[in-house]
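Trainee: This one is my_file35.txt, compact mmCIF, C-alpha atoms and all ligand atoms.
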```
# COMPACT_ATOMS: atom_id res chain seq x y z
CA MET P 16 -36.84 76.05 -87.58
CA LEU P 17 -33.46 77.68 -87.13
CA PHE P 18 -32.38 79.52 -90.21
CA ARG P 19 -29.49 81.87 -90.22
CA PRO P 20 -27.94 83.93 -93.00
CA PRO P 21 -26.01 82.05 -95.73
CA ALA P 22 -23.37 79.81 -94.24
CA ALA P 23 -20.39 81.50 -92.73
CA CYS P 24 -17.21 80.82 -94.67
CA ALA P 25 -15.44 78.70 -92.12
CA ILE P 26 -14.94 75.00 -91.52
CA LEU P 27 -18.00 74.02 -89.57
CA PRO P 28 -18.10 71.45 -86.79
CA PRO P 29 -19.51 68.36 -88.49
CA MET P 30 -21.76 67.04 -85.77
CA GLN P 31 -24.12 69.94 -85.14
CA PRO P 32 -27.71 68.65 -85.11
CA LEU P 33 -29.75 68.85 -88.29
CA ARG P 34 -32.47 71.45 -88.54
CA LEU P 35 -35.33 70.30 -90.75
CA SER P 36 -37.86 72.57 -92.38
CA LYS P 37 -40.67 71.93 -94.83
CA ILE P 38 -41.10 73.32 -98.29
CA VAL P 39 -44.09 72.60 -100.47
CA ALA P 40 -43.35 70.91 -103.79
CA LYS P 41 -45.42 72.58 -106.48
CA SER P 42 -44.15 70.59 -109.45
CA GLY P 43 -43.31 66.94 -109.90
CA LEU P 44 -42.52 65.25 -113.19
CA SER P 45 -41.13 67.64 -115.74
CA ARG P 46 -39.98 66.70 -119.24
CA ALA P 47 -37.03 68.55 -120.70
CA PRO P 48 -36.94 69.46 -124.41
CA LEU P 49 -33.75 67.43 -124.85
CA ALA P 50 -32.19 64.62 -122.89
CA GLU P 51 -29.48 65.69 -120.49
CA PRO P 52 -26.14 64.17 -121.62
CA PHE P 53 -24.44 64.33 -118.21
CA LEU P 54 -26.80 61.95 -116.40
CA VAL P 55 -28.58 60.64 -119.52
CA SER P 56 -32.09 61.47 -118.38
CA LEU P 57 -35.08 63.05 -120.12
CA TYR P 58 -37.15 64.04 -117.09
CA ARG P 59 -35.78 66.74 -114.82
CA ALA P 60 -34.26 65.55 -111.55
CA LEU P 61 -36.50 64.79 -108.59
CA ALA P 62 -35.14 66.01 -105.27
CA PRO P 63 -37.11 65.45 -102.06
CA TYR P 64 -34.56 67.45 -100.07
CA ARG P 65 -32.67 70.73 -100.45
CA GLY P 66 -29.34 71.01 -98.69
CA CYS P 67 -27.27 67.95 -97.90
CA ALA P 68 -25.96 66.55 -94.64
CA HIS P 69 -23.16 64.66 -96.37
CA GLY P 70 -21.41 68.00 -95.96
CA CYS P 71 -18.88 67.62 -98.79
CA LEU P 72 -16.51 70.55 -98.49
CA TYR P 73 -16.31 71.01 -102.25
CA CYS P 74 -20.08 70.88 -102.83
CA ASP P 75 -21.18 73.21 -105.60
CA GLY P 76 -24.56 73.50 -103.87
CA ARG P 77 -22.91 75.69 -101.25
CA ALA P 78 -22.36 78.43 -103.84
CA GLU P 79 -24.53 81.54 -103.54
CA LYS P 80 -25.77 80.86 -107.09
CA TYR P 81 -28.15 78.17 -105.77
CA TYR P 82 -29.74 80.29 -103.04
CA VAL P 83 -29.86 77.44 -100.54
CA GLU P 84 -30.97 79.06 -97.30
CA GLY P 85 -29.22 78.52 -94.01
CA GLN P 86 -26.20 76.34 -93.35
CA PHE P 87 -26.01 74.03 -96.35
CA ASP P 88 -25.18 70.81 -94.49
CA ARG P 89 -27.29 71.34 -91.36
CA ASP P 90 -30.47 73.11 -92.55
CA ILE P 91 -32.25 70.53 -94.66
CA ALA P 92 -35.47 71.56 -96.36
CA VAL P 93 -37.87 68.68 -96.92
CA ARG P 94 -40.42 68.36 -99.73
CA ALA P 95 -42.70 66.02 -97.84
CA ASN P 96 -45.47 66.20 -100.47
CA LEU P 97 -43.30 65.51 -103.53
CA ALA P 98 -44.27 61.83 -103.73
CA GLN P 99 -47.96 62.78 -103.76
CA VAL P 100 -47.36 65.33 -106.51
CA VAL P 101 -45.51 62.75 -108.59
CA ALA P 102 -48.19 60.10 -107.94
CA ALA P 103 -50.81 62.59 -109.18
CA ASP P 104 -48.68 63.32 -112.26
CA VAL P 105 -48.39 59.62 -113.05
CA ALA P 106 -52.13 59.08 -112.54
CA ALA P 107 -52.87 62.03 -114.83
CA GLY P 108 -50.73 60.49 -117.58
CA LYS P 109 -47.95 63.07 -117.42
CA ALA P 110 -45.39 60.33 -117.96
CA ALA P 111 -47.42 58.38 -120.51
CA ALA P 112 -46.32 60.20 -123.65
CA GLU P 113 -42.54 59.92 -123.49
CA PHE P 114 -40.15 57.17 -122.53
CA GLY P 115 -36.99 58.38 -120.83
CA ALA P 116 -35.10 58.14 -117.58
CA VAL P 117 -35.96 60.13 -114.46
CA CYS P 118 -32.98 61.23 -112.42
CA PHE P 119 -32.92 61.16 -108.59
CA GLY P 120 -30.80 63.76 -106.82
CA SER P 121 -29.42 67.08 -107.93
CA GLY P 122 -26.47 69.41 -107.50
CA VAL P 123 -27.84 70.65 -104.19
CA THR P 124 -28.88 67.43 -102.53
CA ASP P 125 -28.35 63.69 -102.26
CA ALA P 126 -31.66 61.84 -102.18
CA TRP P 127 -30.17 59.12 -99.92
CA GLN P 128 -28.49 61.46 -97.43
CA PRO P 129 -28.65 60.36 -93.76
CA VAL P 130 -32.07 61.83 -92.94
CA GLU P 131 -33.63 59.62 -95.63
CA ALA P 132 -33.07 56.57 -93.39
CA GLU P 133 -35.63 58.04 -91.02
CA LEU P 134 -37.99 59.93 -93.34
CA GLY P 135 -38.12 57.56 -96.33
CA LEU P 136 -39.20 60.32 -98.75
CA THR P 137 -37.02 59.05 -101.58
CA ARG P 138 -38.42 55.55 -101.19
CA SER P 139 -41.96 56.96 -101.31
CA LEU P 140 -40.99 58.86 -104.42
CA LEU P 141 -39.75 55.68 -106.11
CA GLU P 142 -43.02 53.97 -105.18
CA ALA P 143 -45.01 56.86 -106.65
CA LEU P 144 -43.02 56.82 -109.89
CA GLN P 145 -42.82 53.08 -110.48
CA PRO P 146 -46.26 52.64 -112.15
CA ALA P 147 -45.20 55.08 -114.90
CA GLY P 148 -42.94 52.44 -116.48
CA LEU P 149 -40.00 54.81 -116.85
CA PRO P 150 -36.34 53.97 -116.19
CA VAL P 151 -34.43 55.68 -113.37
CA VAL P 152 -30.95 57.09 -112.95
CA ILE P 153 -29.66 57.37 -109.40
CA LEU P 154 -26.69 59.34 -108.16
CA THR P 155 -25.60 59.01 -104.57
CA LYS P 156 -22.73 58.78 -102.08
CA ASN P 157 -24.70 56.79 -99.56
CA ALA P 158 -24.88 53.03 -99.16
CA LEU P 159 -28.44 53.51 -97.91
CA VAL P 160 -29.48 53.22 -101.57
CA ARG P 161 -29.14 49.43 -101.20
CA ARG P 162 -32.30 49.52 -99.07
CA ASP P 163 -34.23 50.39 -102.24
CA PHE P 164 -32.79 47.79 -104.63
CA ASP P 165 -35.96 45.74 -104.19
CA LEU P 166 -37.97 48.66 -105.60
CA LEU P 167 -35.49 49.41 -108.37
CA LYS P 168 -36.02 45.88 -109.68
CA LYS P 169 -39.60 46.87 -110.54
CA PHE P 170 -38.45 49.57 -112.96
CA PRO P 171 -37.80 48.70 -116.62
CA LYS P 172 -34.18 49.74 -116.18
CA ALA P 173 -32.12 51.32 -113.40
CA LEU P 174 -28.71 52.91 -113.53
CA VAL P 175 -27.01 53.28 -110.14
CA ILE P 176 -24.20 55.83 -110.12
CA VAL P 177 -22.03 56.17 -107.07
CA THR P 178 -19.83 59.21 -106.59
CA LEU P 179 -16.35 58.21 -105.50
CA THR P 180 -13.50 60.69 -105.52
CA THR P 181 -10.85 58.75 -103.62
CA THR P 182 -10.19 55.28 -102.28
CA ASP P 183 -8.38 56.72 -99.26
CA PRO P 184 -10.77 56.69 -96.26
CA GLU P 185 -8.91 59.52 -94.54
CA THR P 186 -9.19 61.86 -97.53
CA ALA P 187 -12.84 60.87 -98.01
CA ALA P 188 -13.58 61.63 -94.35
CA LEU P 189 -11.95 65.02 -94.73
CA LEU P 190 -13.74 65.98 -97.96
CA GLU P 191 -17.07 64.13 -97.59
CA PRO P 192 -17.50 63.84 -93.80
CA GLU P 193 -20.96 62.28 -93.58
CA ALA P 194 -21.01 60.19 -96.76
CA SER P 195 -20.44 56.43 -96.81
CA THR P 196 -16.83 55.25 -96.79
CA PRO P 197 -15.14 54.50 -100.13
CA GLU P 198 -15.33 50.76 -99.47
CA GLU P 199 -19.06 50.96 -98.71
CA ARG P 200 -19.63 52.88 -101.92
CA LEU P 201 -17.69 50.33 -103.96
CA GLN P 202 -19.82 47.64 -102.34
CA VAL P 203 -22.93 49.47 -103.63
CA VAL P 204 -21.57 49.20 -107.16
CA ARG P 205 -20.80 45.50 -106.71
CA GLU P 206 -24.24 44.76 -105.35
CA ALA P 207 -25.98 46.86 -107.97
CA ARG P 208 -24.27 44.85 -110.71
CA GLU P 209 -25.10 41.59 -108.97
CA ALA P 210 -28.72 42.73 -108.75
CA GLY P 211 -28.79 43.21 -112.51
CA PHE P 212 -28.65 47.03 -112.64
CA SER P 213 -26.31 49.13 -114.70
CA ALA P 214 -23.77 50.81 -112.43
CA GLY P 215 -20.79 53.09 -112.62
CA ILE P 216 -18.75 55.70 -110.84
CA MET P 217 -18.80 59.46 -110.95
CA ALA P 218 -15.20 60.31 -110.08
CA MET P 219 -15.62 64.00 -109.50
CA PRO P 220 -14.41 66.28 -108.24
CA LEU P 221 -10.83 65.05 -108.21
CA CYS P 222 -9.20 67.74 -106.08
CA PRO P 223 -5.73 69.19 -106.75
CA GLY P 224 -3.11 67.47 -104.62
CA LEU P 225 -5.72 65.66 -102.55
CA SER P 226 -7.14 63.15 -105.00
CA ASP P 227 -6.02 64.04 -108.53
CA GLN P 228 -2.47 62.67 -108.49
CA SER P 229 -1.71 59.78 -110.82
CA GLU P 230 -1.21 57.16 -108.09
CA GLN P 231 -4.50 58.27 -106.48
CA THR P 232 -6.52 58.11 -109.68
CA ALA P 233 -4.90 54.79 -110.65
CA ALA P 234 -6.08 53.30 -107.33
CA LEU P 235 -9.55 54.71 -107.90
CA PHE P 236 -9.84 53.41 -111.47
CA ASP P 237 -8.56 49.96 -110.43
CA ALA P 238 -11.05 49.80 -107.57
CA ALA P 239 -13.87 50.74 -109.94
CA GLN P 240 -12.88 47.98 -112.32
CA ALA P 241 -12.66 45.45 -109.49
CA ALA P 242 -16.17 46.44 -108.39
CA ASP P 243 -17.46 45.71 -111.92
CA ALA P 244 -18.34 49.35 -112.66
CA GLN P 245 -19.31 49.88 -116.30
CA PHE P 246 -17.78 53.35 -116.49
CA VAL P 247 -15.82 55.94 -114.54
CA PHE P 248 -16.67 59.55 -115.34
CA PRO P 249 -13.75 61.68 -114.09
CA GLY P 250 -13.75 65.43 -113.58
CA GLY P 251 -11.86 68.14 -111.73
CA LEU P 252 -12.78 70.56 -108.97
CA THR P 253 -14.54 73.86 -109.59
CA LEU P 254 -14.50 76.53 -106.88
CA ARG P 255 -17.00 79.32 -107.39
CA PRO P 256 -15.89 82.61 -105.84
CA GLY P 257 -17.77 83.21 -102.59
CA CYS P 258 -18.69 80.79 -99.87
CA GLN P 259 -17.92 77.56 -101.72
CA LYS P 260 -14.39 78.61 -102.59
CA GLN P 261 -13.70 80.20 -99.25
CA LEU P 262 -14.77 77.15 -97.28
CA PHE P 263 -12.57 74.87 -99.34
CA ILE P 264 -9.56 77.16 -99.19
CA ASP P 265 -10.04 77.49 -95.40
CA MET P 266 -9.89 73.70 -95.19
CA VAL P 267 -6.73 73.52 -97.31
CA GLN P 268 -5.12 76.16 -95.14
CA ALA P 269 -6.08 74.35 -91.95
CA ARG P 270 -5.51 70.73 -92.99
CA ARG P 271 -3.16 70.70 -96.00
CA PRO P 272 -1.25 74.00 -95.77
CA ALA P 273 1.49 72.77 -98.12
CA LEU P 274 -1.09 72.80 -100.95
CA LEU P 275 -2.27 76.36 -100.36
CA ARG P 276 0.09 77.96 -102.83
CA SER P 277 -0.84 75.65 -105.68
CA TYR P 278 -4.56 76.28 -105.02
CA SER P 279 -3.95 80.04 -105.22
CA GLU P 280 -2.30 79.51 -108.60
CA ILE P 281 -4.76 76.98 -110.03
CA TYR P 282 -7.81 79.07 -109.09
CA ALA P 283 -6.16 82.48 -109.56
CA GLU P 284 -8.56 83.52 -112.33
CA ASN P 285 -11.48 83.47 -109.89
CA ARG P 286 -13.88 82.62 -112.68
CA VAL P 287 -17.61 82.80 -111.98
CA SER P 288 -17.89 79.17 -113.11
CA GLY P 289 -15.20 78.20 -110.61
CA MET P 290 -13.14 76.59 -113.36
CA PRO P 291 -9.42 76.14 -112.67
CA LEU P 292 -6.68 77.26 -115.05
CA LYS P 293 -7.13 75.49 -118.34
CA SER P 294 -3.40 74.77 -118.48
CA TYR P 295 -3.81 72.75 -115.26
CA ALA P 296 -7.15 71.07 -115.91
CA ALA P 297 -7.04 70.11 -119.60
CA PRO P 298 -3.96 67.84 -119.55
CA LEU P 299 -5.20 66.14 -116.41
CA GLN P 300 -8.63 65.46 -117.88
CA ARG P 301 -7.05 64.12 -121.07
CA GLY P 302 -4.70 61.93 -119.00
CA TRP P 303 -7.54 60.45 -116.93
CA GLU P 304 -9.55 59.65 -120.03
CA LEU P 305 -6.58 58.01 -121.73
CA ASP P 306 -5.72 56.00 -118.59
CA LEU P 307 -9.30 54.77 -118.48
CA ALA P 308 -9.33 53.98 -122.21
CA ARG P 309 -6.15 51.94 -121.84
CA SER P 310 -7.80 49.82 -119.19
CA GLY P 311 -10.96 49.41 -121.28
CA MET P 312 -13.13 51.56 -119.01
CA PRO P 313 -15.45 54.14 -120.64
CA ALA P 314 -14.98 57.70 -119.35
CA ARG P 315 -18.67 58.54 -119.77
CA ILE P 316 -21.89 56.62 -119.27
CA PRO P 317 -21.63 54.48 -122.42
CA TRP P 318 -24.06 54.02 -125.27
CA THR P 319 -24.72 50.39 -124.32
CA VAL P 320 -26.12 51.61 -120.99
CA TYR P 321 -28.12 54.69 -121.94
CA LYS P 322 -29.66 53.36 -125.13
CA GLU P 323 -31.96 51.41 -122.82
CA LEU P 324 -32.73 54.47 -120.70
CA LEU P 325 -33.90 56.74 -123.51
CA CYS P 326 -35.86 56.46 -126.74
CA PRO P 327 -33.69 56.18 -129.89
CA ALA P 328 -34.08 59.87 -130.79
CA ASP P 329 -32.80 60.97 -127.37
CA SER P 330 -30.06 58.37 -127.11
CA LEU P 331 -28.72 59.62 -130.44
CA PHE P 332 -28.58 63.18 -129.11
CA VAL P 333 -26.64 62.04 -126.04
CA LEU P 334 -24.28 60.02 -128.22
CA LEU P 335 -23.50 63.02 -130.43
CA CYS P 336 -22.81 65.19 -127.36
CA HIS P 337 -20.52 62.55 -125.84
CA MET P 338 -18.68 62.10 -129.13
CA GLN P 339 -17.92 65.80 -129.21
CA GLU P 340 -16.41 65.74 -125.71
CA LEU P 341 -14.45 62.53 -126.21
CA TYR P 342 -13.03 63.31 -129.65
CA SER P 343 -12.22 66.86 -128.61
CA ALA P 344 -10.21 65.59 -125.62
CA ARG P 345 -8.12 63.53 -128.06
CA GLY P 346 -7.36 66.50 -130.24
CA VAL P 347 -9.73 65.64 -133.10
CA ASN P 348 -11.34 68.51 -135.01
CA ILE P 349 -15.00 68.32 -133.97
CA ARG P 350 -16.41 71.24 -135.93
CA PRO P 351 -18.34 69.09 -138.44
CA LEU P 352 -19.64 66.92 -135.61
CA LYS P 353 -20.71 69.98 -133.62
CA ALA P 354 -22.53 71.47 -136.59
CA ALA P 355 -24.38 68.19 -137.18
CA THR P 356 -25.23 67.91 -133.46
CA ASP P 357 -26.63 71.45 -133.45
CA ARG P 358 -28.81 70.65 -136.45
CA TYR P 359 -30.04 67.46 -134.84
CA ALA P 360 -30.78 69.24 -131.53
CA GLU P 361 -32.77 71.87 -133.38
CA TRP P 362 -34.75 69.22 -135.26
CA LEU P 363 -35.41 67.21 -132.12
CA ARG P 364 -36.44 70.21 -130.02
CA LYS P 365 -38.86 71.56 -132.64
CA THR P 366 -40.32 68.20 -133.60
CA ARG P 367 -40.85 67.20 -130.00
CA ALA P 368 -42.52 70.53 -129.17
CA SER P 369 -44.92 70.06 -132.05
CA LEU P 370 -45.70 66.43 -131.09
CA ARG P 371 -46.31 67.49 -127.49
CA ARG P 372 -49.08 69.78 -128.77
CA ASP P 373 -50.75 67.02 -130.80
CA LYS P 374 -53.76 66.13 -128.64
CA LYS P 375 -54.82 63.21 -130.82
CA LEU P 376 -51.37 61.67 -130.62
CA LEU P 377 -51.20 62.14 -126.86
CA GLN P 378 -54.31 60.01 -126.41
CA GLN P 379 -52.50 56.95 -127.80
CA PRO P 380 -50.97 54.43 -125.36
CA ASN P 381 -47.34 53.39 -124.81
CA PHE P 382 -45.27 56.55 -125.11
CA PRO P 383 -46.73 57.87 -128.40
CA VAL P 384 -44.43 60.91 -128.67
CA SER P 385 -41.34 58.70 -128.34
CA ARG P 386 -42.72 56.22 -130.87
CA ARG P 387 -43.53 58.98 -133.34
CA LEU P 388 -40.02 60.42 -133.01
CA THR P 389 -38.69 56.97 -133.81
CA SER P 390 -40.93 56.74 -136.85
CA LEU P 391 -39.75 60.11 -138.07
CA LEU P 392 -36.11 59.08 -137.69
CA GLN P 393 -37.05 56.15 -139.85
CA GLY P 394 -38.41 58.53 -142.45
CA LYS P 395 -42.02 57.51 -141.80
CA ARG P 396 -44.60 60.15 -141.02
CA SER P 397 -47.74 58.29 -140.09
CA GLU P 398 -46.86 54.76 -139.06
CA ASP P 399 -45.78 54.27 -135.46
CA LEU P 400 -43.12 51.74 -134.61
CA PRO P 401 -42.66 49.82 -131.39
CA LEU P 402 -40.50 51.91 -129.12
CA LEU P 403 -37.22 50.08 -129.08
CA GLN P 404 -37.43 47.69 -132.03
CA SER P 405 -34.43 47.60 -134.29
CA LEU P 406 -34.75 50.09 -137.08
CA GLU P 407 -34.21 49.73 -140.81
CA GLU P 408 -30.68 50.97 -141.36
CA ASN P 409 -31.09 52.24 -144.92
CA ASP P 410 -34.26 54.24 -144.26
CA MET P 411 -32.68 55.63 -141.14
CA ALA P 412 -29.47 56.69 -142.86
CA ALA P 413 -31.40 58.61 -145.51
CA SER P 414 -33.64 60.28 -142.98
CA LEU P 415 -30.77 61.16 -140.66
CA GLY P 416 -28.69 62.39 -143.58
CA ALA P 417 -31.34 65.02 -144.29
CA ILE P 418 -31.33 66.17 -140.65
CA LEU P 419 -27.60 66.03 -139.92
CA GLN P 420 -26.48 67.09 -143.41
CA ASN P 421 -23.55 64.74 -142.94
CA GLU P 422 -23.94 61.45 -144.79
CA ARG P 423 -21.00 59.66 -143.20
CA LEU P 424 -22.15 60.47 -139.70
CA ALA P 425 -25.74 59.57 -140.63
CA ALA P 426 -24.64 56.12 -141.81
CA LEU P 427 -22.70 55.59 -138.61
CA CYS P 428 -25.64 56.66 -136.44
CA ALA P 429 -28.05 54.49 -138.43
CA GLY P 430 -25.83 51.48 -137.75
CA LEU P 431 -25.88 52.25 -134.04
CA LEU P 432 -29.62 52.81 -133.84
CA ASN P 433 -30.20 49.73 -135.89
CA GLY P 434 -28.22 47.76 -133.35
CA SER P 435 -25.74 46.42 -135.91
CA HIS P 436 -22.91 48.50 -134.50
CA ASP P 437 -21.67 49.69 -131.18
CA PHE P 438 -19.66 52.75 -130.26
CA ASP P 439 -16.59 51.91 -128.25
CA TYR P 440 -16.09 54.66 -125.67
CA CYS P 441 -12.44 53.69 -125.23
CA SER P 442 -11.17 53.43 -128.81
CA LEU P 443 -13.84 55.93 -129.97
CA GLN P 444 -14.44 53.80 -133.00
CA VAL P 445 -17.33 52.25 -134.80
CA SER P 446 -16.95 52.71 -138.48
CA LEU P 447 -15.80 56.25 -137.80
CA ALA P 448 -12.09 55.85 -137.12
CA ILE P 449 -10.00 58.61 -135.61
CA PRO P 450 -8.04 60.01 -138.59
CA ALA P 451 -4.39 59.00 -138.52
CA GLY P 452 -2.14 61.59 -136.92
CA THR P 453 -4.86 63.18 -134.79
CA GLU P 454 -4.26 61.06 -131.72
CA PRO P 455 -2.44 62.92 -128.99
S1 LIG X 501 -23.41 64.45 -101.58
FE1 LIG X 501 -23.56 65.85 -103.30
S2 LIG X 501 -25.15 67.30 -102.72
FE2 LIG X 501 -24.49 66.25 -100.86
S3 LIG X 501 -22.93 67.59 -99.98
FE3 LIG X 501 -21.90 66.03 -101.22
S4 LIG X 501 -21.65 67.01 -103.23
FE4 LIG X 501 -23.21 68.18 -102.11
```
As structure tokens, what does this structure read like?
Ligand code: SF4
Mentor:
Amino acid sequence: MLFRPPAACAILPPMQPLRLSKIVAKSGLSRAPLAEPFLVSLYRALAPYRGCAHGCLYCDGRAEKYYVEGQFDRDIAVRANLAQVVAADVAAGKAAAEFGAVCFGSGVTDAWQPVEAELGLTRSLLEALQPAGLPVVILTKNALVRRDFDLLKKFPKALVIVTLTTTDPETAALLEPEASTPEERLQVVREAREAGFSAGIMAMPLCPGLSDQSEQTAALFDAAQAADAQFVFPGGLTLRPGCQKQLFIDMVQARRPALLRSYSEIYAENRVSGMPLKSYAAPLQRGWELDLARSGMPARIPWTVYKELLCPADSLFVLLCHMQELYSARGVNIRPLKAATDRYAEWLRKTRASLRRDKKLLQQPNFPVSRRLTSLLQGKRSEDLPLLQSLEENDMAASLGAILQNERLAALCAGLLNGSHDFDYCSLQVSLAIPAGTEP
């Protein structure tokens, strides 16, 4: 096991051999108090590896904040026992109380990175999880994921998200040296759709001058559409001060020196979060989202996809969070929406915590906590409803009105949960129209 101090801030030769080490997984399935709006999952991400041999130069996991030991893309720590821990959790009923997606991968690893072809830990993990009857959300840059499509078909629902930041193979090879080529990744999306899964593209980070120019993003968005992606979620590059930023800037200096000056300006604030200048990032983000909207492509994982990955109470929370981001980007005043979302989050967090302590309830079959949350949204305290049946709109509107303290929003949400309405992630309309004059 060859560990060395945190990675030196230099561009590292890509083909050094991998050094594998073992770490013992102590926890497996873990339910969060609220669903996570970014990857629309309720259970915390499962990651059989730490470190990632894809070696993306922009990877946030390289930042000191994550305490990944050794050289991030060569020293891969392996949780060989994670599948057993998850299998034990499933057998003990840890996933029996709440319906919601489990995410595979994390910010510091890709579960289908090259070593998975040999070790098969992610596949074992899928096998261990499958009897729980939960949906899965997958995020990867590796076409190896196609190997596991046979297993994904056994889950009630699977969302396959492929990260794609450029369609240009040369730029991809520079930024993401060991990941699959852009064409291979697009093929994953095509095949996932053909296999009956939901699928979309995480288009982040789009890097200044390298992949964020309008002709580059237009090619990316067109390719996503041609591959039958259901969404493209775009986002810019963050560079956290320290090793992550230094490595990337070293690369720019060595390989794209003409861009060095603009990088110094865009990241001049050296923020801990790594965020670029708002004056650079905000108009770009708005432009990407409008470009996508014009071509009918949602800029987030859309409601129609995640409402099948979460119980109604959680899907509503995700929807409210997405609405805030999307309306805000179009210049709409979101203060009332934010206040209602905060009230709903508070209600959901507290109610869920109390239901999770109810031993009698937990003994019931078929996701009793999720079913009870649905009943409560319906305004019913003792009668459980089937998990995903369509809900009575009037009862729901009254019940939600009391929680959100916003009758108009409650009526809109009730229509969505009832299934009688849909939220269009491009026009941002259901019955709630964007007020005239607020469009950018
Ligand atoms: S695939 Fe993800 S985790 Fe792996 S190096 Fe690239 S950005 Fe990091």
Trainee: Taking the point (-9.8, 56.0, -111.3) as given in the file, collect each protein or nucleic acid residue that comes within 9 Å of it, counting all atoms listed in the file, and present the set as a PyMOL selection string.
Mentor: chain P and resi 180-181+216+218+229+231-240+247-249+303+306-307
Trainee: Hey, which residues sit close to ligand LIG 501 (chain X)? Say within 10 Å, counting only C-alpha atoms and all ligand atoms, and write them as a ChimeraX atom specification.
Mentor: /P:64-77,87-88,120-128,154-157,178,190-195,219-220
Trainee: Give me the residues within 6 Å of stretch 45-57 of chain P as an MDAnalysis selection string, counting all atoms listed in the file and dropping any in the same chain fewer than 6 places off.
Mentor: chainID P and resid 115:117 329 333 364
Trainee: Please compute the atom CA of P:Gly394-atom CA of P:Leu431 distance, one decimal, in Å.
Mentor: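 So the answer is 16.3 Å.
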Trainee: Do you know which residues lie at most 12 Å from (-16.9, 47.0, -107.1), with coordinates as in the file and all atoms listed in the file counted, and could you write them as a ChimeraX atom specification?
Mentor: /P:176-177,179,182,197-209,214-216,235-247
Trainee: Please measure the separation of atom CA of P:Ser277 and atom CA of P:Arg301, giving the value in Å to one decimal.
Mentor: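 Between atom CA of P:Ser277 and atom CA of P:Arg301 the gap works out to 20.2 Å.
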Trainee: Please fill the gaps in stretch 317-331 of chain P so it has N, CA and C atoms, and write that as an mmCIF file, keeping the file's coordinate frame.
Mentor:
```
data_model
loop_
_atom_site.group_PDB
_atom_site.id
_atom_site.type_symbol
_atom_site.label_atom_id
_atom_site.label_comp_id
_atom_site.auth_asym_id
_atom_site.auth_seq_id
_atom_site.Cartn_x
_atom_site.Cartn_y
_atom_site.Cartn_z
ATOM 1 N N PRO P 317 -21.732 54.878 -121.019
ATOM 2 C CA PRO P 317 -21.630 54.480 -122.420
ATOM 3 C C PRO P 317 -22.967 54.206 -123.098
ATOM 4 N N TRP P 318 -22.910 54.252 -124.402
ATOM 5 C CA TRP P 318 -24.060 54.020 -125.270
ATOM 6 C C TRP P 318 -24.814 52.749 -124.886
ATOM 7 N N THR P 319 -24.071 51.668 -124.628
ATOM 8 C CA THR P 319 -24.720 50.390 -124.320
ATOM 9 C C THR P 319 -25.609 50.493 -123.088
ATOM 10 N N VAL P 320 -25.294 51.422 -122.193
ATOM 11 C CA VAL P 320 -26.120 51.610 -120.990
ATOM 12 C C VAL P 320 -27.289 52.540 -121.290
ATOM 13 N N TYR P 321 -27.018 53.715 -121.865
ATOM 14 C CA TYR P 321 -28.120 54.690 -121.940
ATOM 15 C C TYR P 321 -29.073 54.461 -123.090
ATOM 16 N N LYS P 322 -28.697 53.613 -124.058
ATOM 17 C CA LYS P 322 -29.660 53.360 -125.130
ATOM 18 C C LYS P 322 -30.891 52.621 -124.611
ATOM 19 N N GLU P 323 -30.792 52.047 -123.416
ATOM 20 C CA GLU P 323 -31.960 51.410 -122.820
ATOM 21 C C GLU P 323 -32.692 52.338 -121.843
ATOM 22 N N LEU P 324 -32.129 53.510 -121.637
ATOM 23 C CA LEU P 324 -32.730 54.470 -120.700
ATOM 24 C C LEU P 324 -33.495 55.575 -121.418
ATOM 25 N N LEU P 325 -33.309 55.652 -122.714
ATOM 26 C CA LEU P 325 -33.900 56.740 -123.510
ATOM 27 C C LEU P 325 -34.483 56.165 -124.785
ATOM 28 N N CYS P 326 -35.374 56.912 -125.436
ATOM 29 C CA CYS P 326 -35.860 56.460 -126.740
ATOM 30 C C CYS P 326 -34.736 56.712 -127.770
ATOM 31 N N PRO P 327 -34.791 56.046 -128.933
ATOM 32 C CA PRO P 327 -33.690 56.180 -129.890
ATOM 33 C C PRO P 327 -33.350 57.633 -130.246
ATOM 34 N N ALA P 328 -34.357 58.480 -130.397
ATOM 35 C CA ALA P 328 -34.080 59.870 -130.790
ATOM 36 C C ALA P 328 -33.252 60.585 -129.723
ATOM 37 N N ASP P 329 -33.552 60.322 -128.455
ATOM 38 C CA ASP P 329 -32.800 60.970 -127.370
ATOM 39 C C ASP P 329 -31.434 60.330 -127.165
ATOM 40 N N SER P 330 -31.367 59.016 -127.314
ATOM 41 C CA SER P 330 -30.060 58.370 -127.110
ATOM 42 C C SER P 330 -29.089 58.848 -128.189
ATOM 43 N N LEU P 331 -29.611 59.115 -129.389
ATOM 44 C CA LEU P 331 -28.720 59.620 -130.440
ATOM 45 C C LEU P 331 -28.188 61.012 -130.085
#
```
